[in-house]
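File shown here: target-v4.csv, holding CSV, N, CA and C atoms.
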chain,number,residue,atom,x,y,z
A,1,MET,N,0.8,-1.2,0.0
A,1,MET,CA,0.0,0.0,0.0
A,1,MET,C,0.9,1.2,0.0
A,2,LYS,N,0.4,2.2,-0.7
A,2,LYS,CA,1.2,3.5,-0.8
A,2,LYS,C,0.4,4.6,0.0
A,3,PHE,N,1.2,5.4,0.7
A,3,PHE,CA,0.6,6.5,1.5
A,3,PHE,C,1.2,7.8,0.9
A,4,ILE,N,0.3,8.7,0.5
A,4,ILE,CA,0.7,10.0,0.0
A,4,ILE,C,0.7,11.0,1.1
A,5,ASP,N,1.9,11.5,1.3
A,5,ASP,CA,2.1,12.6,2.4
A,5,ASP,C,1.5,13.9,1.7
A,6,TRP,N,0.2,14.1,1.9
A,6,TRP,CA,-0.5,15.1,1.1
A,6,TRP,C,0.1,16.5,1.1
A,7,PHE,N,0.5,16.9,2.3
A,7,PHE,CA,1.0,18.3,2.4
A,7,PHE,C,2.6,18.3,2.6
A,8,ALA,N,3.2,17.1,2.4
A,8,ALA,CA,4.6,16.9,2.5
A,8,ALA,C,5.2,17.3,3.9
A,9,ASP,N,4.3,17.2,4.9
A,9,ASP,CA,4.8,17.5,6.3
A,9,ASP,C,4.4,16.5,7.3
A,10,GLY,N,3.8,15.3,6.9
A,10,GLY,CA,3.4,14.3,7.8
A,10,GLY,C,2.2,14.5,8.6
A,11,SER,N,1.4,15.6,8.2
A,11,SER,CA,0.2,15.9,8.9
A,11,SER,C,-1.0,15.1,8.5
A,12,VAL,N,-1.0,14.7,7.2
A,12,VAL,CA,-2.1,13.9,6.7
A,12,VAL,C,-1.5,12.9,5.6
A,13,TYR,N,-1.8,11.7,5.7
A,13,TYR,CA,-1.5,10.7,4.7
A,13,TYR,C,-2.7,10.2,4.0
A,14,VAL,N,-2.7,10.1,2.7
A,14,VAL,CA,-3.8,9.7,1.9
A,14,VAL,C,-3.6,8.4,1.3
A,15,VAL,N,-4.5,7.5,1.4
A,15,VAL,CA,-4.5,6.2,0.7
A,15,VAL,C,-5.6,6.4,-0.4
A,16,ASP,N,-5.2,6.4,-1.6
A,16,ASP,CA,-6.2,6.6,-2.7
A,16,ASP,C,-6.5,5.3,-3.3
A,17,LEU,N,-7.8,4.8,-3.1
A,17,LEU,CA,-8.3,3.7,-3.7
A,17,LEU,C,-9.0,4.1,-4.9
A,18,ALA,N,-8.2,4.4,-6.0
A,18,ALA,CA,-8.8,4.9,-7.3
A,18,ALA,C,-9.3,3.7,-8.1
A,19,LEU,N,-10.6,3.5,-8.0
A,19,LEU,CA,-11.2,2.3,-8.6
A,19,LEU,C,-11.7,2.5,-10.0
A,20,ALA,N,-11.9,3.7,-10.4
A,20,ALA,CA,-12.4,4.0,-11.8
A,20,ALA,C,-12.2,5.4,-12.1
A,21,CYS,N,-13.0,5.9,-13.0
A,21,CYS,CA,-12.7,7.2,-13.6
A,21,CYS,C,-12.5,8.4,-12.7
A,22,CYS,N,-13.2,8.4,-11.5
A,22,CYS,CA,-13.0,9.5,-10.6
A,22,CYS,C,-11.5,9.5,-10.0
A,23,GLY,N,-10.8,8.4,-10.2
A,23,GLY,CA,-9.5,8.3,-9.8
A,23,GLY,C,-8.6,9.2,-10.5
A,24,VAL,N,-9.0,9.6,-11.7
A,24,VAL,CA,-8.2,10.6,-12.5
A,24,VAL,C,-8.3,11.9,-11.8
A,25,GLU,N,-9.5,12.3,-11.4
A,25,GLU,CA,-9.7,13.6,-10.7
A,25,GLU,C,-9.0,13.6,-9.4
A,26,SER,N,-9.1,12.5,-8.6
A,26,SER,CA,-8.4,12.5,-7.3
A,26,SER,C,-6.9,12.6,-7.5
A,27,GLY,N,-6.4,11.9,-8.6
A,27,GLY,CA,-5.0,12.0,-8.9
A,27,GLY,C,-4.5,13.4,-9.3
A,28,ALA,N,-5.4,14.1,-9.9
A,28,ALA,CA,-5.1,15.5,-10.4
A,28,ALA,C,-5.0,16.4,-9.2
A,29,ALA,N,-5.6,16.0,-8.1
A,29,ALA,CA,-5.5,16.9,-6.9
A,29,ALA,C,-4.2,16.8,-6.1
A,30,VAL,N,-3.5,15.7,-6.3
A,30,VAL,CA,-2.2,15.5,-5.6
A,30,VAL,C,-1.2,16.5,-6.0
A,31,LEU,N,-0.5,17.1,-5.1
A,31,LEU,CA,0.5,18.0,-5.4
A,31,LEU,C,1.7,17.3,-6.0
A,32,ALA,N,2.3,17.9,-7.0
A,32,ALA,CA,3.4,17.2,-7.7
A,32,ALA,C,4.6,16.8,-6.8
A,33,ASN,N,4.8,17.6,-5.7
A,33,ASN,CA,5.9,17.3,-4.8
A,33,ASN,C,5.5,16.5,-3.6
A,34,ALA,N,4.3,15.9,-3.6
A,34,ALA,CA,3.8,15.1,-2.4
A,34,ALA,C,4.6,13.8,-2.4
A,35,PRO,N,5.3,13.6,-1.3
A,35,PRO,CA,6.1,12.3,-1.2
A,35,PRO,C,5.1,11.1,-1.0
A,36,VAL,N,5.5,10.0,-1.6
A,36,VAL,CA,4.8,8.7,-1.4
A,36,VAL,C,5.6,7.8,-0.5
A,37,ARG,N,5.0,7.3,0.5
A,37,ARG,CA,5.7,6.4,1.5
A,37,ARG,C,5.1,5.0,1.4
A,38,GLU,N,6.0,4.1,1.7
A,38,GLU,CA,5.5,2.7,1.8
A,38,GLU,C,5.0,2.4,3.2
A,39,GLU,N,5.6,3.0,4.2
A,39,GLU,CA,5.2,2.9,5.6
A,39,GLU,C,5.1,4.2,6.2
A,40,ILE,N,4.2,4.3,7.2
A,40,ILE,CA,4.0,5.5,8.0
A,40,ILE,C,4.0,5.1,9.5
A,41,PRO,N,4.3,6.1,10.4
A,41,PRO,CA,4.3,5.8,11.8
A,41,PRO,C,2.9,5.3,12.3
A,42,ASP,N,2.8,4.4,13.3
A,42,ASP,CA,1.6,4.1,13.9
A,42,ASP,C,0.9,5.4,14.5
A,43,GLY,N,-0.4,5.5,14.4
A,43,GLY,CA,-1.1,6.6,14.9
A,43,GLY,C,-1.1,7.8,14.0
A,44,ALA,N,-0.4,7.8,12.8
A,44,ALA,CA,-0.5,8.9,11.9
A,44,ALA,C,-1.9,8.9,11.3
A,45,PRO,N,-2.4,10.1,11.1
A,45,PRO,CA,-3.7,10.3,10.5
A,45,PRO,C,-3.8,9.9,9.1
A,46,ILE,N,-4.8,9.2,8.7
A,46,ILE,CA,-5.0,8.7,7.3
A,46,ILE,C,-6.3,9.1,6.8
A,47,VAL,N,-6.4,9.5,5.5
A,47,VAL,CA,-7.6,9.7,4.8
A,47,VAL,C,-7.6,8.6,3.8
A,48,VAL,N,-8.7,7.8,3.8
A,48,VAL,CA,-8.9,6.8,2.8
A,48,VAL,C,-9.8,7.4,1.8
A,49,LEU,N,-9.3,7.5,0.6
A,49,LEU,CA,-10.1,8.1,-0.5
A,49,LEU,C,-10.6,7.0,-1.4
A,50,VAL,N,-11.9,6.8,-1.5
A,50,VAL,CA,-12.4,5.8,-2.4
A,50,VAL,C,-13.1,6.6,-3.5
A,51,SER,N,-12.4,6.5,-4.7
A,51,SER,CA,-12.8,7.2,-5.9
A,51,SER,C,-13.2,6.2,-7.0
A,52,GLY,N,-14.4,6.2,-7.3
A,52,GLY,CA,-14.9,5.4,-8.5
A,52,GLY,C,-15.9,4.3,-8.1
A,53,THR,N,-16.2,3.5,-9.0
A,53,THR,CA,-17.2,2.4,-8.9
A,53,THR,C,-16.7,1.3,-8.0
A,54,VAL,N,-17.5,1.0,-7.0
A,54,VAL,CA,-17.1,-0.1,-6.1
A,54,VAL,C,-17.9,-1.4,-6.6
A,55,THR,N,-17.2,-2.3,-7.2
A,55,THR,CA,-17.8,-3.5,-7.7
A,55,THR,C,-18.0,-4.5,-6.6
A,56,THR,N,-18.9,-5.5,-6.8
A,56,THR,CA,-19.1,-6.6,-5.8
A,56,THR,C,-17.8,-7.3,-5.5
A,57,GLY,N,-17.0,-7.5,-6.5
A,57,GLY,CA,-15.7,-8.1,-6.3
A,57,GLY,C,-14.7,-7.3,-5.4
A,58,LEU,N,-14.7,-6.0,-5.6
A,58,LEU,CA,-13.8,-5.1,-4.9
A,58,LEU,C,-14.3,-4.7,-3.5
A,59,ALA,N,-15.6,-4.8,-3.3
A,59,ALA,CA,-16.2,-4.3,-2.0
A,59,ALA,C,-15.5,-4.9,-0.8
A,60,PRO,N,-15.3,-6.3,-0.7
A,60,PRO,CA,-14.6,-6.8,0.4
A,60,PRO,C,-13.2,-6.3,0.6
A,61,VAL,N,-12.5,-6.0,-0.5
A,61,VAL,CA,-11.1,-5.5,-0.4
A,61,VAL,C,-11.1,-4.1,0.1
A,62,VAL,N,-12.1,-3.3,-0.3
A,62,VAL,CA,-12.2,-1.9,0.2
A,62,VAL,C,-12.5,-1.9,1.7
A,63,SER,N,-13.5,-2.7,2.1
A,63,SER,CA,-13.9,-2.8,3.5
A,63,SER,C,-12.7,-3.3,4.3
A,64,ASP,N,-12.0,-4.4,3.9
A,64,ASP,CA,-10.9,-4.9,4.7
A,64,ASP,C,-9.8,-3.9,4.8
A,65,THR,N,-9.5,-3.2,3.7
A,65,THR,CA,-8.5,-2.2,3.8
A,65,THR,C,-8.8,-1.1,4.8
A,66,VAL,N,-10.0,-0.6,4.8
A,66,VAL,CA,-10.4,0.5,5.7
A,66,VAL,C,-10.3,-0.1,7.1
A,67,HIS,N,-10.8,-1.2,7.4
A,67,HIS,CA,-10.9,-1.8,8.7
A,67,HIS,C,-9.4,-2.1,9.2
A,68,GLU,N,-8.6,-2.6,8.4
A,68,GLU,CA,-7.2,-2.9,8.7
A,68,GLU,C,-6.5,-1.6,9.1
A,69,LEU,N,-6.6,-0.5,8.3
A,69,LEU,CA,-6.0,0.7,8.6
A,69,LEU,C,-6.5,1.3,10.0
A,70,LYS,N,-7.7,1.1,10.3
A,70,LYS,CA,-8.3,1.7,11.5
A,70,LYS,C,-7.7,1.0,12.8
A,71,ARG,N,-7.1,-0.1,12.6
A,71,ARG,CA,-6.5,-0.8,13.7
A,71,ARG,C,-5.4,0.0,14.4
A,72,ASN,N,-4.6,0.8,13.6
A,72,ASN,CA,-3.4,1.5,14.1
A,72,ASN,C,-3.4,3.0,13.8
A,73,HIS,N,-4.5,3.5,13.2
A,73,HIS,CA,-4.5,4.9,12.8
A,73,HIS,C,-5.9,5.5,13.0
A,74,PRO,N,-5.9,6.8,13.2
A,74,PRO,CA,-7.2,7.5,13.1
A,74,PRO,C,-7.5,7.6,11.6
A,75,VAL,N,-8.7,7.2,11.1
A,75,VAL,CA,-9.0,7.2,9.7
A,75,VAL,C,-10.2,7.9,9.4
A,76,ASP,N,-10.2,8.8,8.4
A,76,ASP,CA,-11.4,9.4,7.8
A,76,ASP,C,-11.5,8.8,6.4
A,77,VAL,N,-12.8,8.4,6.1
A,77,VAL,CA,-13.1,7.8,4.8
A,77,VAL,C,-13.8,8.9,4.0
A,78,VAL,N,-13.4,9.1,2.7
A,78,VAL,CA,-14.0,10.0,1.8
A,78,VAL,C,-14.6,9.2,0.6
A,79,ALA,N,-15.9,9.3,0.4
A,79,ALA,CA,-16.5,8.8,-0.8
A,79,ALA,C,-16.4,9.9,-1.9
A,80,PHE,N,-15.6,9.6,-2.9
A,80,PHE,CA,-15.3,10.7,-3.9
A,80,PHE,C,-16.0,10.3,-5.2
A,81,GLY,N,-17.0,11.0,-5.5
A,81,GLY,CA,-17.8,10.7,-6.8
A,81,GLY,C,-19.1,10.0,-6.5
A,82,ALA,N,-20.0,10.1,-7.5
A,82,ALA,CA,-21.3,9.6,-7.4
A,82,ALA,C,-21.3,8.0,-7.2
A,83,CYS,N,-20.3,7.4,-7.8
A,83,CYS,CA,-20.3,5.9,-7.7
A,83,CYS,C,-19.9,5.5,-6.3
A,84,ALA,N,-18.9,6.1,-5.7
A,84,ALA,CA,-18.5,5.7,-4.3
A,84,ALA,C,-19.6,6.2,-3.3
A,85,CYS,N,-20.3,7.2,-3.7
A,85,CYS,CA,-21.4,7.7,-2.8
A,85,CYS,C,-22.6,6.8,-2.8
A,86,ALA,N,-23.1,6.5,-4.0
A,86,ALA,CA,-24.3,5.8,-4.1
A,86,ALA,C,-24.4,4.8,-5.3
A,87,GLY,N,-23.3,4.5,-5.9
A,87,GLY,CA,-23.4,3.6,-7.1
A,87,GLY,C,-23.4,4.3,-8.4
A,88,GLY,N,-23.6,5.6,-8.4
A,88,GLY,CA,-23.6,6.4,-9.6
A,88,GLY,C,-24.6,5.9,-10.7
A,89,PRO,N,-24.3,6.0,-11.9
A,89,PRO,CA,-25.2,5.6,-13.0
A,89,PRO,C,-25.3,4.0,-13.0
A,90,TYR,N,-24.5,3.4,-12.3
A,90,TYR,CA,-24.4,1.9,-12.3
A,90,TYR,C,-25.1,1.3,-11.1
A,91,TRP,N,-25.8,2.0,-10.3
A,91,TRP,CA,-26.3,1.6,-9.0
A,91,TRP,C,-27.1,0.3,-9.1
A,92,ASP,N,-27.8,0.1,-10.2
A,92,ASP,CA,-28.7,-1.1,-10.4
A,92,ASP,C,-28.1,-2.2,-11.1
A,93,SER,N,-26.8,-2.2,-11.4
A,93,SER,CA,-26.1,-3.2,-12.1
A,93,SER,C,-25.7,-4.4,-11.1
A,94,ALA,N,-25.8,-5.6,-11.5
A,94,ALA,CA,-25.5,-6.7,-10.7
A,94,ALA,C,-24.1,-6.7,-10.1
A,95,GLY,N,-23.2,-6.2,-10.8
A,95,GLY,CA,-21.8,-6.2,-10.4
A,95,GLY,C,-21.3,-5.0,-9.6
A,96,VAL,N,-22.2,-4.1,-9.3
A,96,VAL,CA,-21.9,-2.8,-8.6
A,96,VAL,C,-22.7,-2.7,-7.3
A,97,VAL,N,-22.0,-2.3,-6.3
A,97,VAL,CA,-22.7,-2.0,-5.0
A,97,VAL,C,-23.1,-0.5,-5.0
A,98,ALA,N,-24.2,-0.2,-4.3
A,98,ALA,CA,-24.7,1.1,-4.3
A,98,ALA,C,-24.0,2.0,-3.3
A,99,GLY,N,-22.7,2.2,-3.6
A,99,GLY,CA,-21.9,3.1,-2.7
A,99,GLY,C,-21.2,2.4,-1.6
A,100,LEU,N,-20.4,3.1,-0.8
A,100,LEU,CA,-19.7,2.6,0.3
A,100,LEU,C,-20.6,1.9,1.4
A,101,PRO,N,-21.7,2.5,1.7
A,101,PRO,CA,-22.5,1.8,2.7
A,101,PRO,C,-22.9,0.3,2.4
A,102,ASP,N,-23.1,0.1,1.1
A,102,ASP,CA,-23.4,-1.3,0.7
A,102,ASP,C,-22.1,-2.2,0.6
A,103,ALA,N,-21.0,-1.6,0.7
A,103,ALA,CA,-19.7,-2.3,0.8
A,103,ALA,C,-19.3,-2.5,2.2
A,104,GLY,N,-20.1,-2.0,3.2
A,104,GLY,CA,-19.8,-2.2,4.6
A,104,GLY,C,-18.8,-1.2,5.1
A,105,VAL,N,-18.8,0.0,4.5
A,105,VAL,CA,-17.8,1.0,4.9
A,105,VAL,C,-18.6,2.3,5.2
A,106,ASP,N,-18.4,2.8,6.4
A,106,ASP,CA,-19.0,4.1,6.8
A,106,ASP,C,-18.1,5.2,6.3
A,107,ALA,N,-18.6,6.1,5.5
A,107,ALA,CA,-17.9,7.3,5.0
A,107,ALA,C,-18.0,8.4,6.0
A,108,ASP,N,-17.0,9.2,6.2
A,108,ASP,CA,-17.0,10.4,7.0
A,108,ASP,C,-17.3,11.6,6.2
A,109,HIS,N,-17.0,11.6,4.9
A,109,HIS,CA,-17.2,12.7,4.0
A,109,HIS,C,-17.7,12.2,2.7
A,110,TRP,N,-18.6,13.0,2.1
A,110,TRP,CA,-19.2,12.6,0.8
A,110,TRP,C,-19.0,13.8,-0.1
A,111,ILE,N,-18.3,13.4,-1.3
A,111,ILE,CA,-18.1,14.4,-2.3
A,111,ILE,C,-18.8,13.9,-3.6
A,112,PRO,N,-20.1,14.3,-3.8
A,112,PRO,CA,-20.8,13.8,-5.0
A,112,PRO,C,-20.3,14.4,-6.3
A,113,GLY,N,-20.7,13.9,-7.4
A,113,GLY,CA,-20.4,14.5,-8.7
A,113,GLY,C,-19.9,13.4,-9.6
A,114,CYS,N,-20.0,13.7,-10.9
A,114,CYS,CA,-19.6,12.7,-11.9
A,114,CYS,C,-18.9,13.3,-13.0
A,115,PRO,N,-17.6,13.6,-12.8
A,115,PRO,CA,-16.8,13.5,-11.6
A,115,PRO,C,-16.8,14.8,-10.8
A,116,PRO,N,-16.5,14.7,-9.5
A,116,PRO,CA,-16.3,16.0,-8.8
A,116,PRO,C,-14.9,16.5,-9.2
A,117,GLY,N,-14.7,17.8,-9.1
A,117,GLY,CA,-13.5,18.4,-9.5
A,117,GLY,C,-12.4,18.2,-8.5
A,118,PRO,N,-11.1,18.2,-8.9
A,118,PRO,CA,-10.1,18.0,-7.9
A,118,PRO,C,-10.0,19.0,-6.8
A,119,GLU,N,-10.5,20.2,-7.1
A,119,GLU,CA,-10.5,21.3,-6.1
A,119,GLU,C,-11.4,21.0,-4.9
A,120,THR,N,-12.4,20.1,-5.1
A,120,THR,CA,-13.3,19.8,-4.0
A,120,THR,C,-12.5,18.9,-3.0
A,121,LEU,N,-11.7,18.0,-3.5
A,121,LEU,CA,-10.9,17.2,-2.6
A,121,LEU,C,-9.8,18.0,-1.9
A,122,THR,N,-9.2,18.9,-2.6
A,122,THR,CA,-8.1,19.7,-2.0
A,122,THR,C,-8.7,20.6,-0.9
A,123,GLY,N,-9.9,21.1,-1.2
A,123,GLY,CA,-10.6,22.0,-0.1
A,123,GLY,C,-10.9,21.2,1.1
A,124,LEU,N,-11.4,20.0,0.9
A,124,LEU,CA,-11.8,19.1,2.1
A,124,LEU,C,-10.5,18.8,2.9
A,125,LEU,N,-9.5,18.4,2.2
A,125,LEU,CA,-8.3,18.0,3.0
A,125,LEU,C,-7.6,19.2,3.7
A,126,ALA,N,-7.7,20.4,3.0
A,126,ALA,CA,-7.1,21.6,3.7
A,126,ALA,C,-7.9,21.9,4.9
A,127,SER,N,-9.3,21.8,4.8
A,127,SER,CA,-10.1,22.2,6.0
A,127,SER,C,-9.9,21.1,7.1
A,128,SER,N,-9.7,19.9,6.7
A,128,SER,CA,-9.5,18.8,7.8
A,128,SER,C,-8.2,19.1,8.5
A,129,ARG,N,-7.2,19.5,7.7
A,129,ARG,CA,-5.9,19.8,8.3
A,129,ARG,C,-5.9,21.0,9.3
A,130,GLU,N,-6.7,22.0,8.9
A,130,GLU,CA,-6.8,23.2,9.8
A,130,GLU,C,-7.6,22.9,11.0
A,131,ALA,N,-8.5,21.9,10.9
A,131,ALA,CA,-9.4,21.6,12.1
A,131,ALA,C,-8.6,20.7,13.1
A,132,ALA,N,-7.5,20.1,12.6
A,132,ALA,CA,-6.7,19.2,13.5
A,132,ALA,C,-5.8,19.9,14.4
Structure encoded using structure tokens:
Amino acid sequence: MKFIDWFADGSVYVVDLALACCGVESGAAVLANAPVREEIPDGAPIVVLVSGTVTTGLAPVVSDTVHELKRNHPVDVVAFGACACAGGPYWDSAGVVAGLPDAGVDADHWIPGCPPGPETLTGLLASSREAA
């Protein structure tokens, strides 16, 4: 797993689960100089960003990843895009879950849109950093 040191100061690490097209937008929000780490200290704050369509095959992986990270870190989960929020235009497809709740994951923040712009993610993370 890779951790993006979003502000390059260790204040917030982001795990981007870029599952589909919204992953392009979330990737566009990352600063060019943001370091990527293989490991981070226990207790470091993490934002798990789920961007894109959550399929029935990936739902357990997403859920397990979030729950595993919560064992050693404070974690905020962001549903980024209509698909992660509620299944998007594919909500009634057999191979797609209707957003993170149907994948067994509680989101702390919801950013709807198809796709939402990168600035919405940047704004959320900046306000989270200021609140901490």
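The neighbours of Ala107 (chain A) here are the residues that come within 7 Å of it, using only N, CA and C atoms and leaving out any residue fewer than 6 positions away in the same chain; they are A:Asp76, A:Val77, A:Val78, A:Ala79, A:Leu100, A:Pro101.
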Could you dump the residues just selected with N, CA and C atoms as a compact mmCIF listing (two decimals), in the frame of the given file?
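selection.txt was written with the following content:
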# COMPACT_ATOMS: atom_id res chain seq x y z
N ASP A 76 -10.20 8.80 8.40
CA ASP A 76 -11.40 9.40 7.80
C ASP A 76 -11.50 8.80 6.40
N VAL A 77 -12.80 8.40 6.10
CA VAL A 77 -13.10 7.80 4.80
C VAL A 77 -13.80 8.90 4.00
N VAL A 78 -13.40 9.10 2.70
CA VAL A 78 -14.00 10.00 1.80
C VAL A 78 -14.60 9.20 0.60
N ALA A 79 -15.90 9.30 0.40
CA ALA A 79 -16.50 8.80 -0.80
C ALA A 79 -16.40 9.90 -1.90
N LEU A 100 -20.40 3.10 -0.80
CA LEU A 100 -19.70 2.60 0.30
C LEU A 100 -20.60 1.90 1.40
N PRO A 101 -21.70 2.50 1.70
CA PRO A 101 -22.50 1.80 2.70
C PRO A 101 -22.90 0.30 2.40
Correct to one decimal, the distance atom C of Cys21 (chain A)-CA of Glu68 (chain A) is 24.8 Å
Nearest-residue call for Val47 (chain A), choices A:Val30, A:Ala59, A:Leu69, A:Val12, using all atoms listed in the file
A:Val12
Residue nearest Thr53 (chain A) among A:Glu39, A:Lys70, A:Gly81, A:Ala32 (counting only N, CA and C atoms):
A:Gly81
Step one, run DSSP on the backbone; step two, keep only residues of chain A assigned to helix (DSSP H, G or I); then write them as a ChimeraX atom specification.
/A:22-29,59-69,82-86,88-90,100-103,118-131
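With distances restricted to all atoms listed in the file, A:Cys85 is the closest residue to Pro112 (chain A) from A:Leu17, A:Val96, A:Cys85, A:Leu58.
Between CA of Ser26 (chain A) and CA of Pro118 (chain A) the separation is 5.8 Å.
Distance annotation: of A:Glu130, A:Asp92, A:Glu25, A:Glu38, the residue with the minimal separation from Ile111 (chain A) is A:Glu25; atom set is only C-alpha atoms.
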With only C-alpha atoms as the basis for distance, which of A:Val48, A:Ala8, A:Val54, A:Val97 is at the shortest distance from His67 (chain A)?
A:Val48
May I have the protein, DNA and RNA residues with an atom at most 12 Å from (-7.5, 19.8, 4.9), counting only C-alpha atoms in the file's coordinates, returned as a PDB file with N, CA and C atoms, in the frame of the given file?
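See point29.pdb below for the written result:
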ATOM      1  N   TRP A   6       0.200  14.100   1.900  1.00  0.00           N
ATOM      2  CA  TRP A   6      -0.500  15.100   1.100  1.00  0.00           C
ATOM      3  C   TRP A   6       0.100  16.500   1.100  1.00  0.00           C
ATOM      4  N   PHE A   7       0.500  16.900   2.300  1.00  0.00           N
ATOM      5  CA  PHE A   7       1.000  18.300   2.400  1.00  0.00           C
ATOM      6  C   PHE A   7       2.600  18.300   2.600  1.00  0.00           C
ATOM      7  N   SER A  11       1.400  15.600   8.200  1.00  0.00           N
ATOM      8  CA  SER A  11       0.200  15.900   8.900  1.00  0.00           C
ATOM      9  C   SER A  11      -1.000  15.100   8.500  1.00  0.00           C
ATOM     10  N   VAL A  12      -1.000  14.700   7.200  1.00  0.00           N
ATOM     11  CA  VAL A  12      -2.100  13.900   6.700  1.00  0.00           C
ATOM     12  C   VAL A  12      -1.500  12.900   5.600  1.00  0.00           C
ATOM     13  N   TYR A  13      -1.800  11.700   5.700  1.00  0.00           N
ATOM     14  CA  TYR A  13      -1.500  10.700   4.700  1.00  0.00           C
ATOM     15  C   TYR A  13      -2.700  10.200   4.000  1.00  0.00           C
ATOM     16  N   VAL A  14      -2.700  10.100   2.700  1.00  0.00           N
ATOM     17  CA  VAL A  14      -3.800   9.700   1.900  1.00  0.00           C
ATOM     18  C   VAL A  14      -3.600   8.400   1.300  1.00  0.00           C
ATOM     19  N   PRO A  45      -2.400  10.100  11.100  1.00  0.00           N
ATOM     20  CA  PRO A  45      -3.700  10.300  10.500  1.00  0.00           C
ATOM     21  C   PRO A  45      -3.800   9.900   9.100  1.00  0.00           C
ATOM     22  N   ILE A  46      -4.800   9.200   8.700  1.00  0.00           N
ATOM     23  CA  ILE A  46      -5.000   8.700   7.300  1.00  0.00           C
ATOM     24  C   ILE A  46      -6.300   9.100   6.800  1.00  0.00           C
ATOM     25  N   VAL A  47      -6.400   9.500   5.500  1.00  0.00           N
ATOM     26  CA  VAL A  47      -7.600   9.700   4.800  1.00  0.00           C
ATOM     27  C   VAL A  47      -7.600   8.600   3.800  1.00  0.00           C
ATOM     28  N   ASP A  76     -10.200   8.800   8.400  1.00  0.00           N
ATOM     29  CA  ASP A  76     -11.400   9.400   7.800  1.00  0.00           C
ATOM     30  C   ASP A  76     -11.500   8.800   6.400  1.00  0.00           C
ATOM     31  N   GLU A 119     -10.500  20.200  -7.100  1.00  0.00           N
ATOM     32  CA  GLU A 119     -10.500  21.300  -6.100  1.00  0.00           C
ATOM     33  C   GLU A 119     -11.400  21.000  -4.900  1.00  0.00           C
ATOM     34  N   THR A 120     -12.400  20.100  -5.100  1.00  0.00           N
ATOM     35  CA  THR A 120     -13.300  19.800  -4.000  1.00  0.00           C
ATOM     36  C   THR A 120     -12.500  18.900  -3.000  1.00  0.00           C
ATOM     37  N   LEU A 121     -11.700  18.000  -3.500  1.00  0.00           N
ATOM     38  CA  LEU A 121     -10.900  17.200  -2.600  1.00  0.00           C
ATOM     39  C   LEU A 121      -9.800  18.000  -1.900  1.00  0.00           C
ATOM     40  N   THR A 122      -9.200  18.900  -2.600  1.00  0.00           N
ATOM     41  CA  THR A 122      -8.100  19.700  -2.000  1.00  0.00           C
ATOM     42  C   THR A 122      -8.700  20.600  -0.900  1.00  0.00           C
ATOM     43  N   GLY A 123      -9.900  21.100  -1.200  1.00  0.00           N
ATOM     44  CA  GLY A 123     -10.600  22.000  -0.100  1.00  0.00           C
ATOM     45  C   GLY A 123     -10.900  21.200   1.100  1.00  0.00           C
ATOM     46  N   LEU A 124     -11.400  20.000   0.900  1.00  0.00           N
ATOM     47  CA  LEU A 124     -11.800  19.100   2.100  1.00  0.00           C
ATOM     48  C   LEU A 124     -10.500  18.800   2.900  1.00  0.00           C
ATOM     49  N   LEU A 125      -9.500  18.400   2.200  1.00  0.00           N
ATOM     50  CA  LEU A 125      -8.300  18.000   3.000  1.00  0.00           C
ATOM     51  C   LEU A 125      -7.600  19.200   3.700  1.00  0.00           C
ATOM     52  N   ALA A 126      -7.700  20.400   3.000  1.00  0.00           N
ATOM     53  CA  ALA A 126      -7.100  21.600   3.700  1.00  0.00           C
ATOM     54  C   ALA A 126      -7.900  21.900   4.900  1.00  0.00           C
ATOM     55  N   SER A 127      -9.300  21.800   4.800  1.00  0.00           N
ATOM     56  CA  SER A 127     -10.100  22.200   6.000  1.00  0.00           C
ATOM     57  C   SER A 127      -9.900  21.100   7.100  1.00  0.00           C
ATOM     58  N   SER A 128      -9.700  19.900   6.700  1.00  0.00           N
ATOM     59  CA  SER A 128      -9.500  18.800   7.800  1.00  0.00           C
ATOM     60  C   SER A 128      -8.200  19.100   8.500  1.00  0.00           C
ATOM     61  N   ARG A 129      -7.200  19.500   7.700  1.00  0.00           N
ATOM     62  CA  ARG A 129      -5.900  19.800   8.300  1.00  0.00           C
ATOM     63  C   ARG A 129      -5.900  21.000   9.300  1.00  0.00           C
ATOM     64  N   GLU A 130      -6.700  22.000   8.900  1.00  0.00           N
ATOM     65  CA  GLU A 130      -6.800  23.200   9.800  1.00  0.00           C
ATOM     66  C   GLU A 130      -7.600  22.900  11.000  1.00  0.00           C
ATOM     67  N   ALA A 131      -8.500  21.900  10.900  1.00  0.00           N
ATOM     68  CA  ALA A 131      -9.400  21.600  12.100  1.00  0.00           C
ATOM     69  C   ALA A 131      -8.600  20.700  13.100  1.00  0.00           C
ATOM     70  N   ALA A 132      -7.500  20.100  12.600  1.00  0.00           N
ATOM     71  CA  ALA A 132      -6.700  19.200  13.500  1.00  0.00           C
ATOM     72  C   ALA A 132      -5.800  19.900  14.400  1.00  0.00           C
TER      73      ALA A 132
END
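For region 54-127 of chain A, backbone-based DSSP labels the following residues as strand (DSSP E): Val75, Asp76, Val77, Val78, Ala79, Phe80, His109, Trp110 and Ile111 of chain A.
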Go ahead and save the picked residues with N, CA and C atoms, as a short mmCIF file (atom, residue, chain, number, x, y, z; two decimals), keeping the file's coordinate frame.
data_model
loop_
_atom_site.label_atom_id
_atom_site.label_comp_id
_atom_site.auth_asym_id
_atom_site.auth_seq_id
_atom_site.Cartn_x
_atom_site.Cartn_y
_atom_site.Cartn_z
N VAL A 75 -8.70 7.20 11.10
CA VAL A 75 -9.00 7.20 9.70
C VAL A 75 -10.20 7.90 9.40
N ASP A 76 -10.20 8.80 8.40
CA ASP A 76 -11.40 9.40 7.80
C ASP A 76 -11.50 8.80 6.40
N VAL A 77 -12.80 8.40 6.10
CA VAL A 77 -13.10 7.80 4.80
C VAL A 77 -13.80 8.90 4.00
N VAL A 78 -13.40 9.10 2.70
CA VAL A 78 -14.00 10.00 1.80
C VAL A 78 -14.60 9.20 0.60
N ALA A 79 -15.90 9.30 0.40
CA ALA A 79 -16.50 8.80 -0.80
C ALA A 79 -16.40 9.90 -1.90
N PHE A 80 -15.60 9.60 -2.90
CA PHE A 80 -15.30 10.70 -3.90
C PHE A 80 -16.00 10.30 -5.20
N HIS A 109 -17.00 11.60 4.90
CA HIS A 109 -17.20 12.70 4.00
C HIS A 109 -17.70 12.20 2.70
N TRP A 110 -18.60 13.00 2.10
CA TRP A 110 -19.20 12.60 0.80
C TRP A 110 -19.00 13.80 -0.10
N ILE A 111 -18.30 13.40 -1.30
CA ILE A 111 -18.10 14.40 -2.30
C ILE A 111 -18.80 13.90 -3.60
#
